[in-house]
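**Q** What follows is the file my_file-v7.csv, containing CSV, C-alpha atoms:
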chain,number,residue,atom,x,y,z
A,1,MET,CA,9.7,194.9,239.8
A,2,THR,CA,9.8,192.1,237.2
A,3,ASP,CA,12.3,189.3,237.4
A,4,GLY,CA,14.2,190.7,234.3
A,5,ARG,CA,14.6,194.1,236.0
A,6,LYS,CA,15.7,192.5,239.2
A,7,ARG,CA,18.4,190.6,237.4
A,8,THR,CA,19.5,193.7,235.6
A,9,ALA,CA,19.7,195.6,238.9
A,10,ARG,CA,21.8,192.9,240.5
A,11,VAL,CA,24.2,192.9,237.5
A,12,LEU,CA,24.5,196.8,237.7
A,13,ALA,CA,25.1,196.6,241.5
A,14,THR,CA,27.8,194.0,241.0
A,15,LEU,CA,29.5,196.1,238.3
A,16,CYS,CA,29.4,199.1,240.6
A,17,ILE,CA,31.0,197.2,243.5
A,18,THR,CA,33.7,195.8,241.2
A,19,ALA,CA,34.4,199.3,239.8
A,20,VAL,CA,34.6,200.8,243.3
A,21,SER,CA,36.8,197.9,244.5
A,22,GLY,CA,39.1,198.4,241.5
A,23,THR,CA,39.3,202.1,242.2
A,24,MET,CA,40.1,201.5,245.8
A,25,LEU,CA,42.9,199.1,244.9
A,26,VAL,CA,44.4,201.6,242.3
A,27,ALA,CA,44.1,204.5,244.7
A,28,ALA,CA,45.7,202.6,247.7
A,29,PRO,CA,48.5,204.7,249.2
A,30,THR,CA,52.1,203.7,248.6
A,31,TYR,CA,54.7,203.5,251.3
A,32,ALA,CA,56.6,206.7,251.9
A,33,ASP,CA,60.4,206.7,251.7
A,34,PRO,CA,62.1,206.4,255.1
A,35,ASP,CA,62.9,209.6,256.8
A,36,ILE,CA,66.3,211.0,257.7
A,37,ASP,CA,66.3,209.7,261.2
A,38,THR,CA,65.3,206.2,260.2
A,39,VAL,CA,68.1,205.9,257.5
A,40,GLN,CA,70.6,207.5,259.9
A,41,SER,CA,69.7,204.9,262.5
A,42,ARG,CA,70.2,202.2,259.9
A,43,VAL,CA,73.6,203.5,258.9
A,44,ASP,CA,74.7,203.7,262.5
A,45,LYS,CA,73.6,200.1,263.1
A,46,LEU,CA,75.5,198.9,260.0
A,47,TYR,CA,78.6,200.8,261.3
A,48,GLN,CA,78.3,199.0,264.6
A,49,GLN,CA,77.9,195.6,263.0
A,50,ALA,CA,80.9,196.3,260.8
A,51,GLU,CA,83.0,197.2,263.8
A,52,GLN,CA,81.9,194.1,265.7
A,53,ALA,CA,83.2,192.1,262.7
A,54,SER,CA,86.4,194.1,262.6
A,55,GLU,CA,87.1,193.5,266.3
A,56,ARG,CA,86.4,189.8,265.9
A,57,TYR,CA,88.9,189.9,263.0
A,58,ASN,CA,91.4,191.5,265.3
A,59,ASP,CA,90.8,188.8,267.9
A,60,ALA,CA,91.4,186.1,265.3
A,61,ARG,CA,94.7,187.8,264.3
A,62,LEU,CA,95.9,187.8,267.9
A,63,GLU,CA,94.9,184.1,268.2
A,64,MET,CA,96.8,183.3,265.0
A,65,THR,CA,100.0,185.1,266.3
A,66,GLN,CA,99.8,183.2,269.6
A,67,ALA,CA,99.3,179.9,267.7
A,68,GLN,CA,102.3,180.6,265.5
A,69,THR,CA,104.4,181.3,268.6
A,70,ARG,CA,103.3,178.0,270.1
A,71,LEU,CA,104.1,176.2,266.9
A,72,SER,CA,107.6,177.6,266.7
A,73,ALA,CA,108.3,176.4,270.3
A,74,LEU,CA,106.9,173.0,269.5
A,75,GLN,CA,109.2,172.7,266.5
A,76,ALA,CA,112.2,173.8,268.4
A,77,ASP,CA,111.5,171.1,271.1
A,78,LEU,CA,111.0,168.5,268.4
A,79,ASP,CA,114.3,169.4,266.7
A,80,ARG,CA,116.2,169.1,270.0
A,81,GLN,CA,114.6,165.8,270.9
A,82,GLN,CA,115.2,164.5,267.3
A,83,THR,CA,118.9,165.3,267.6
A,84,LYS,CA,119.2,163.3,270.9
A,85,VAL,CA,117.3,160.3,269.3
A,86,ASP,CA,119.6,160.4,266.3
A,87,ASP,CA,122.7,160.4,268.5
A,88,VAL,CA,121.5,157.4,270.5
A,89,ARG,CA,120.6,155.5,267.3
A,90,GLN,CA,124.1,156.3,265.8
A,91,GLN,CA,125.8,154.9,268.9
A,92,VAL,CA,123.8,151.7,268.7
A,93,ALA,CA,124.4,151.4,265.0
A,94,SER,CA,128.1,151.8,265.6
A,95,ALA,CA,128.1,149.1,268.2
A,96,VAL,CA,126.3,146.7,265.8
A,97,VAL,CA,128.7,147.4,263.0
A,98,SER,CA,131.7,146.9,265.3
A,99,GLN,CA,130.5,143.4,266.3
A,100,TYR,CA,129.9,142.4,262.7
A,101,GLN,CA,133.4,143.6,261.8
A,102,GLY,CA,135.0,141.4,264.4
A,103,GLN,CA,135.9,144.1,266.8
A,104,ALA,CA,134.0,142.3,269.5
A,105,LEU,CA,134.2,138.6,270.4
A,106,SER,CA,131.2,136.5,271.2
A,107,SER,CA,130.3,136.3,274.9
A,108,THR,CA,131.1,132.6,275.1
A,109,THR,CA,134.5,133.1,273.5
A,110,GLN,CA,135.4,135.9,275.9
A,111,VAL,CA,134.4,133.8,278.9
A,112,LEU,CA,136.7,130.9,277.6
A,113,LEU,CA,139.6,133.3,277.0
A,114,SER,CA,139.2,135.3,280.1
A,115,GLN,CA,141.6,134.6,283.0
A,116,ASP,CA,138.9,135.7,285.4
A,117,PRO,CA,135.5,134.5,284.1
A,118,ASP,CA,133.7,135.8,287.2
A,119,ALA,CA,135.0,139.4,286.6
A,120,PHE,CA,134.1,139.2,283.0
A,121,LEU,CA,130.5,138.1,283.7
A,122,ASP,CA,130.2,141.1,286.1
A,123,GLN,CA,131.3,143.4,283.3
A,124,LEU,CA,128.9,141.7,280.8
A,125,THR,CA,126.0,142.3,283.2
A,126,THR,CA,127.0,146.0,283.4
A,127,VAL,CA,127.1,146.2,279.6
A,128,SER,CA,123.7,144.5,279.4
A,129,GLU,CA,122.2,147.0,281.8
A,130,TYR,CA,123.7,149.8,279.8
A,131,ASN,CA,122.2,148.5,276.6
A,132,ASP,CA,118.8,148.2,278.4
A,133,GLN,CA,119.2,151.8,279.4
A,134,GLN,CA,120.0,152.8,275.9
A,135,SER,CA,116.9,151.0,274.6
A,136,GLN,CA,114.8,152.6,277.2
A,137,MET,CA,116.2,156.0,276.3
A,138,MET,CA,115.4,155.5,272.7
A,139,ALA,CA,111.9,154.5,273.6
A,140,ASP,CA,111.4,157.5,275.8
A,141,PHE,CA,112.7,159.8,273.0
A,142,ALA,CA,110.4,158.2,270.5
A,143,VAL,CA,107.5,158.8,272.7
A,144,GLN,CA,108.4,162.4,273.3
A,145,ALA,CA,109.0,163.0,269.6
A,146,LYS,CA,105.6,161.5,268.9
A,147,GLN,CA,103.9,163.7,271.4
A,148,LEU,CA,105.6,166.7,269.9
A,149,GLU,CA,104.4,165.7,266.5
A,150,MET,CA,100.9,165.4,267.8
A,151,ARG,CA,101.1,168.9,269.4
A,152,GLN,CA,102.5,170.3,266.2
A,153,ALA,CA,99.6,168.8,264.3
A,154,ALA,CA,97.2,170.3,266.8
A,155,ALA,CA,98.8,173.7,266.4
A,156,LYS,CA,98.5,173.4,262.6
A,157,ARG,CA,94.9,172.6,262.9
A,158,GLU,CA,94.4,175.6,265.1
A,159,LEU,CA,96.1,177.8,262.5
A,160,ASP,CA,93.9,176.4,259.8
A,161,ARG,CA,90.8,177.1,261.9
A,162,ILE,CA,91.9,180.7,262.6
A,163,ALA,CA,92.7,181.2,258.9
A,164,ALA,CA,89.2,180.0,258.0
A,165,THR,CA,87.7,182.3,260.6
A,166,LYS,CA,89.7,185.2,259.3
A,167,LYS,CA,88.5,184.6,255.8
A,168,GLU,CA,84.9,184.3,257.0
A,169,LEU,CA,85.1,187.5,258.9
A,170,GLY,CA,86.5,189.2,255.8
A,171,HIS,CA,83.5,188.2,253.8
A,172,GLU,CA,81.2,189.3,256.6
A,173,LYS,CA,82.8,192.7,256.8
A,174,ALA,CA,82.7,193.2,253.1
A,175,GLU,CA,79.0,192.4,253.1
A,176,ILE,CA,78.3,194.9,255.9
A,177,ASP,CA,80.4,197.6,254.2
A,178,SER,CA,78.3,197.1,251.1
A,179,LYS,CA,75.1,197.5,253.1
A,180,ALA,CA,76.5,200.6,254.8
A,181,ALA,CA,77.4,202.2,251.5
A,182,GLU,CA,73.9,201.5,250.2
A,183,ALA,CA,72.4,203.1,253.3
A,184,LYS,CA,74.7,206.1,253.0
A,185,GLY,CA,73.6,206.6,249.4
A,186,LEU,CA,70.0,206.6,250.4
A,187,LEU,CA,70.7,209.0,253.2
A,188,GLY,CA,72.4,211.4,250.7
A,189,ARG,CA,69.4,211.3,248.4
A,190,LEU,CA,67.1,212.1,251.3
A,191,LYS,CA,69.3,215.0,252.4
A,192,ASP,CA,69.0,216.5,248.9
A,193,ARG,CA,65.2,216.5,249.2
A,194,ALA,CA,65.1,217.6,252.8
A,195,ALA,CA,68.0,220.1,253.4
A,196,ALA,CA,66.6,221.4,256.7
A,197,ALA,CA,66.1,218.0,258.2
A,198,SER,CA,69.6,217.1,257.0
A,199,ARG,CA,71.2,220.1,258.7
A,200,SER,CA,69.5,219.1,261.9
A,201,ALA,CA,70.7,215.5,261.7
A,202,GLN,CA,74.2,216.7,260.8
A,203,ARG,CA,74.3,218.9,263.9
A,204,SER,CA,73.2,216.0,266.1
A,205,THR,CA,75.9,213.7,264.7
A,206,THR,CA,78.7,216.2,264.8
A,207,ALA,CA,78.0,218.0,268.0
A,208,SER,CA,80.0,215.5,269.9
A,209,ALA,CA,83.1,216.4,267.9
A,210,ALA,CA,83.6,219.8,269.6
A,211,PRO,CA,87.3,220.4,270.1
A,212,VAL,CA,88.8,219.8,273.5
A,213,THR,CA,91.0,222.7,274.5
A,214,HIS,CA,92.5,221.4,277.7
A,215,VAL,CA,92.8,218.0,279.4
A,216,ALA,CA,94.3,217.7,282.9
A,217,ALA,CA,96.5,214.6,282.5
A,218,SER,CA,100.2,214.0,283.1
A,219,GLY,CA,102.8,211.2,283.0
A,220,ARG,CA,102.1,208.2,280.9
A,221,ALA,CA,98.3,208.9,280.8
A,222,GLY,CA,99.0,212.4,279.7
A,223,ALA,CA,101.2,211.1,276.8
A,224,ALA,CA,98.4,208.7,275.7
A,225,VAL,CA,95.7,211.3,275.9
A,226,SER,CA,97.8,213.8,274.0
A,227,TYR,CA,98.5,211.4,271.2
A,228,ALA,CA,94.8,210.3,270.9
A,229,LEU,CA,93.6,213.9,270.8
A,230,SER,CA,96.2,214.8,268.1
A,231,GLN,CA,94.5,212.2,265.8
A,232,VAL,CA,91.1,213.9,265.9
A,233,GLY,CA,90.0,214.3,262.3
A,234,ASP,CA,91.8,211.2,261.1
A,235,ALA,CA,90.0,208.6,259.1
A,236,TYR,CA,88.4,205.4,260.5
A,237,VAL,CA,89.6,202.3,258.7
A,238,TYR,CA,88.9,198.7,259.8
A,239,GLY,CA,92.0,197.1,261.2
A,240,ALA,CA,94.1,200.2,261.0
A,241,ALA,CA,96.5,201.4,263.6
A,242,GLY,CA,97.9,204.6,262.2
A,243,PRO,CA,99.6,206.7,261.3
A,244,SER,CA,96.7,208.6,259.7
A,245,ALA,CA,93.8,206.1,260.0
A,246,PHE,CA,92.6,203.9,262.9
A,247,ASP,CA,90.0,201.6,264.1
A,248,CYS,CA,88.8,201.9,267.8
A,249,SER,CA,91.3,199.5,269.4
A,250,GLY,CA,94.1,200.6,267.0
A,251,LEU,CA,93.8,204.2,268.2
A,252,THR,CA,94.0,203.3,271.9
A,253,MET,CA,96.8,200.7,271.3
A,254,MET,CA,98.9,203.3,269.6
A,255,ALA,CA,98.1,206.1,272.1
A,256,TRP,CA,99.2,204.0,275.1
A,257,GLY,CA,102.2,202.7,273.0
A,258,GLN,CA,103.5,206.3,273.1
A,259,ALA,CA,103.6,206.0,276.9
A,260,GLY,CA,105.5,202.7,276.7
A,261,VAL,CA,102.5,200.5,277.5
A,262,GLY,CA,101.8,197.6,275.2
A,263,LEU,CA,98.2,196.8,274.4
A,264,PRO,CA,96.7,194.1,272.1
A,265,HIS,CA,94.9,195.3,269.0
A,266,SER,CA,91.5,194.2,270.2
A,267,SER,CA,88.9,196.0,272.3
A,268,SER,CA,87.9,192.8,274.2
A,269,ALA,CA,91.5,191.9,274.9
A,270,GLN,CA,92.3,195.5,276.0
A,271,MET,CA,89.5,195.1,278.6
A,272,GLY,CA,91.7,192.5,280.3
A,273,SER,CA,94.8,194.6,280.0
A,274,GLY,CA,94.4,196.9,283.0
A,275,THR,CA,92.9,197.6,286.4
A,276,PRO,CA,89.1,197.8,286.4
A,277,VAL,CA,87.8,201.2,287.5
A,278,SER,CA,84.2,202.4,288.1
A,279,GLN,CA,82.6,205.0,285.9
A,280,SER,CA,82.6,207.5,288.8
A,281,ALA,CA,86.4,207.1,289.3
A,282,LEU,CA,87.4,207.6,285.6
A,283,GLN,CA,90.6,209.5,285.0
A,284,PRO,CA,92.1,210.8,281.7
A,285,GLY,CA,93.7,208.0,279.9
A,286,ASP,CA,91.4,205.3,281.1
A,287,LEU,CA,90.0,203.0,278.5
A,288,VAL,CA,86.2,202.9,278.3
A,289,PHE,CA,84.4,199.9,276.6
A,290,TYR,CA,81.0,199.7,275.0
A,291,TYR,CA,78.3,197.1,273.9
A,292,SER,CA,77.9,193.5,275.1
A,293,PRO,CA,79.9,191.6,274.0
A,294,VAL,CA,82.5,194.4,274.0
A,295,SER,CA,83.2,195.6,270.5
A,296,HIS,CA,84.2,199.3,270.9
A,297,VAL,CA,86.7,201.2,273.0
A,298,GLY,CA,87.5,204.8,273.6
A,299,MET,CA,89.8,206.8,275.9
A,300,TYR,CA,88.4,209.0,278.7
A,301,ILE,CA,89.8,212.6,278.5
A,302,GLY,CA,87.9,214.2,281.4
A,303,ASN,CA,84.8,216.3,281.7
A,304,GLY,CA,82.6,213.4,280.8
A,305,MET,CA,84.1,213.0,277.4
A,306,ILE,CA,86.0,210.4,275.4
A,307,VAL,CA,88.2,210.4,272.3
A,308,HIS,CA,87.7,207.5,270.0
A,309,ALA,CA,87.8,206.2,266.4
A,310,ALA,CA,84.0,206.2,266.0
A,311,ASN,CA,83.1,204.9,262.5
A,312,PRO,CA,83.9,205.5,258.8
A,313,GLY,CA,81.4,208.4,258.8
A,314,SER,CA,82.9,210.3,261.8
A,315,GLY,CA,86.5,209.2,261.9
A,316,VAL,CA,88.5,210.0,265.1
A,317,THR,CA,86.4,212.3,267.2
A,318,THR,CA,85.2,213.1,270.7
A,319,ALA,CA,81.9,212.1,272.3
A,320,PRO,CA,80.2,212.0,275.7
A,321,VAL,CA,81.2,209.0,277.7
A,322,ASN,CA,77.6,207.8,277.8
A,323,SER,CA,76.9,208.3,274.1
A,324,MET,CA,77.0,204.5,273.6
A,325,PRO,CA,75.9,201.5,275.8
A,326,TYR,CA,78.6,201.6,278.5
A,327,SER,CA,80.2,198.2,279.4
A,328,GLY,CA,83.2,199.0,281.7
A,329,ALA,CA,86.6,200.7,282.0
A,330,VAL,CA,90.2,199.8,282.9
A,331,ARG,CA,93.3,201.8,283.7
A,332,PRO,CA,96.3,200.6,281.7
A,333,GLY,CA,99.8,200.5,283.0
Show how you would write the structure in this file as structure tokens.
**A**
Amino acid sequence: MTDGRKRTARVLATLCITAVSGTMLVAAPTYADPDIDTVQSRVDKLYQQAEQASERYNDARLEMTQAQTRLSALQADLDRQQTKVDDVRQQVASAVVSQYQGQALSSTTQVLLSQDPDAFLDQLTTVSEYNDQQSQMMADFAVQAKQLEMRQAAAKRELDRIAATKKELGHEKAEIDSKAAEAKGLLGRLKDRAAAASRSAQRSTTASAAPVTHVAASGRAGAAVSYALSQVGDAYVYGAAGPSAFDCSGLTMMAWGQAGVGLPHSSSAQMGSGTPVSQSALQPGDLVFYYSPVSHVGMYIGNGMIVHAANPGSGVTTAPVNSMPYSGAVRPG
């Protein structure tokens, strides 16, 4: 083969390789849309993250209430101490004014005029000691007032910090809600294109909501369980505690409230509001906690089931006790 033909062959080979490479790039497969299970898992994860933010928000609200109570007590103490200090200052001021108005003679004059100088000097010593006590009392009150002011400032800083945390959590929850809405929209579009798979997924997500016809519970636990079960079907709303919408800790708080037992509106705080019980010893009415750190709570109703405010997609429903990562349980009251 001549050099010219060799060069021509090389050029044609290069063109063929380029063409094939271009065809391969054009024909490269695109990524398929996520399936139903993948999107459902994403939605569930977003719900969990939103609930974690909501429970942290509830914790911040509790801390803010406690800080306000402390601040009120500090202010009352400060007012009482200030009144005492003002009284002492008024007494001293009155004494000074009396001396300047001639109502009190100088010490030297009183000694000269006194028929019993020794007795007068004894009295003067007593007055001096009294004045020293007055001065010390004023100093003590000033110190106490200053300490109270410092504690008040500390409580104010705590309130500011909690308010900032509350604002931050609000932004965080709003962002998660937005992501959840986007994921739910994607799930809806996939369900339109895959009805059979959608029905299967729907059965798996709602099977736990089967009605409970009878729960063996009495007394205060019975009242709490009865209230919680009567809310099945109500909506899940972050931060809500009835009467027709709840978050997880709002439902359990209101349920046990019907039995006269006060619980904080926070799943992590509720975990410290009862006697710990093992999973094998669960009784209807016991509170069951999930995830680490704790961010969800439900109420045990017997037969291996709980009633809980699940998420915005499911609302208040029932579920197996081990349907989520189990963290512990307590018995209120």
**Q** For region 51-62 of chain A, list every protein, DNA or RNA residue within 10 Å, evaluated using all atoms listed in the file, and leave out those in the same chain fewer than 2 positions away; present the list as a PyMOL selection string.
**A** chain A and resi 45-49+64-68+159+161-174+176-177+237-240+247-250+264-269+291+293-296+310-312
**Q** In Å, rounded to a single decimal, give me how far CA of Ser230 (chain A) is from CA of Tyr326 (chain A).
**A**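 Taking CA of Tyr326 (chain A) and CA of Ser230 (chain A), their separation equals 24.3 Å.
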**Q** Between CA of Ala155 (chain A) and CA of Ala142 (chain A), what is the distance, to one decimal in Å?
**A**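 The value is 19.8 Å.
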**Q** Given the choices A:Ser72, A:Ser226, A:Asn322, A:Gln258, which gets closest to Tyr290 (chain A) if the distance is worked out from only C-alpha atoms?
**A**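 So, comparing all the options, the nearest one is A:Asn322.
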**Q** Which residue is closest to Gly262 (chain A)? Choose from A:Gly233, A:Gly304, A:Pro332, A:Pro284 and count all atoms listed in the file.
**A**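 For Gly262 (chain A), the nearest of the candidates is A:Pro332.
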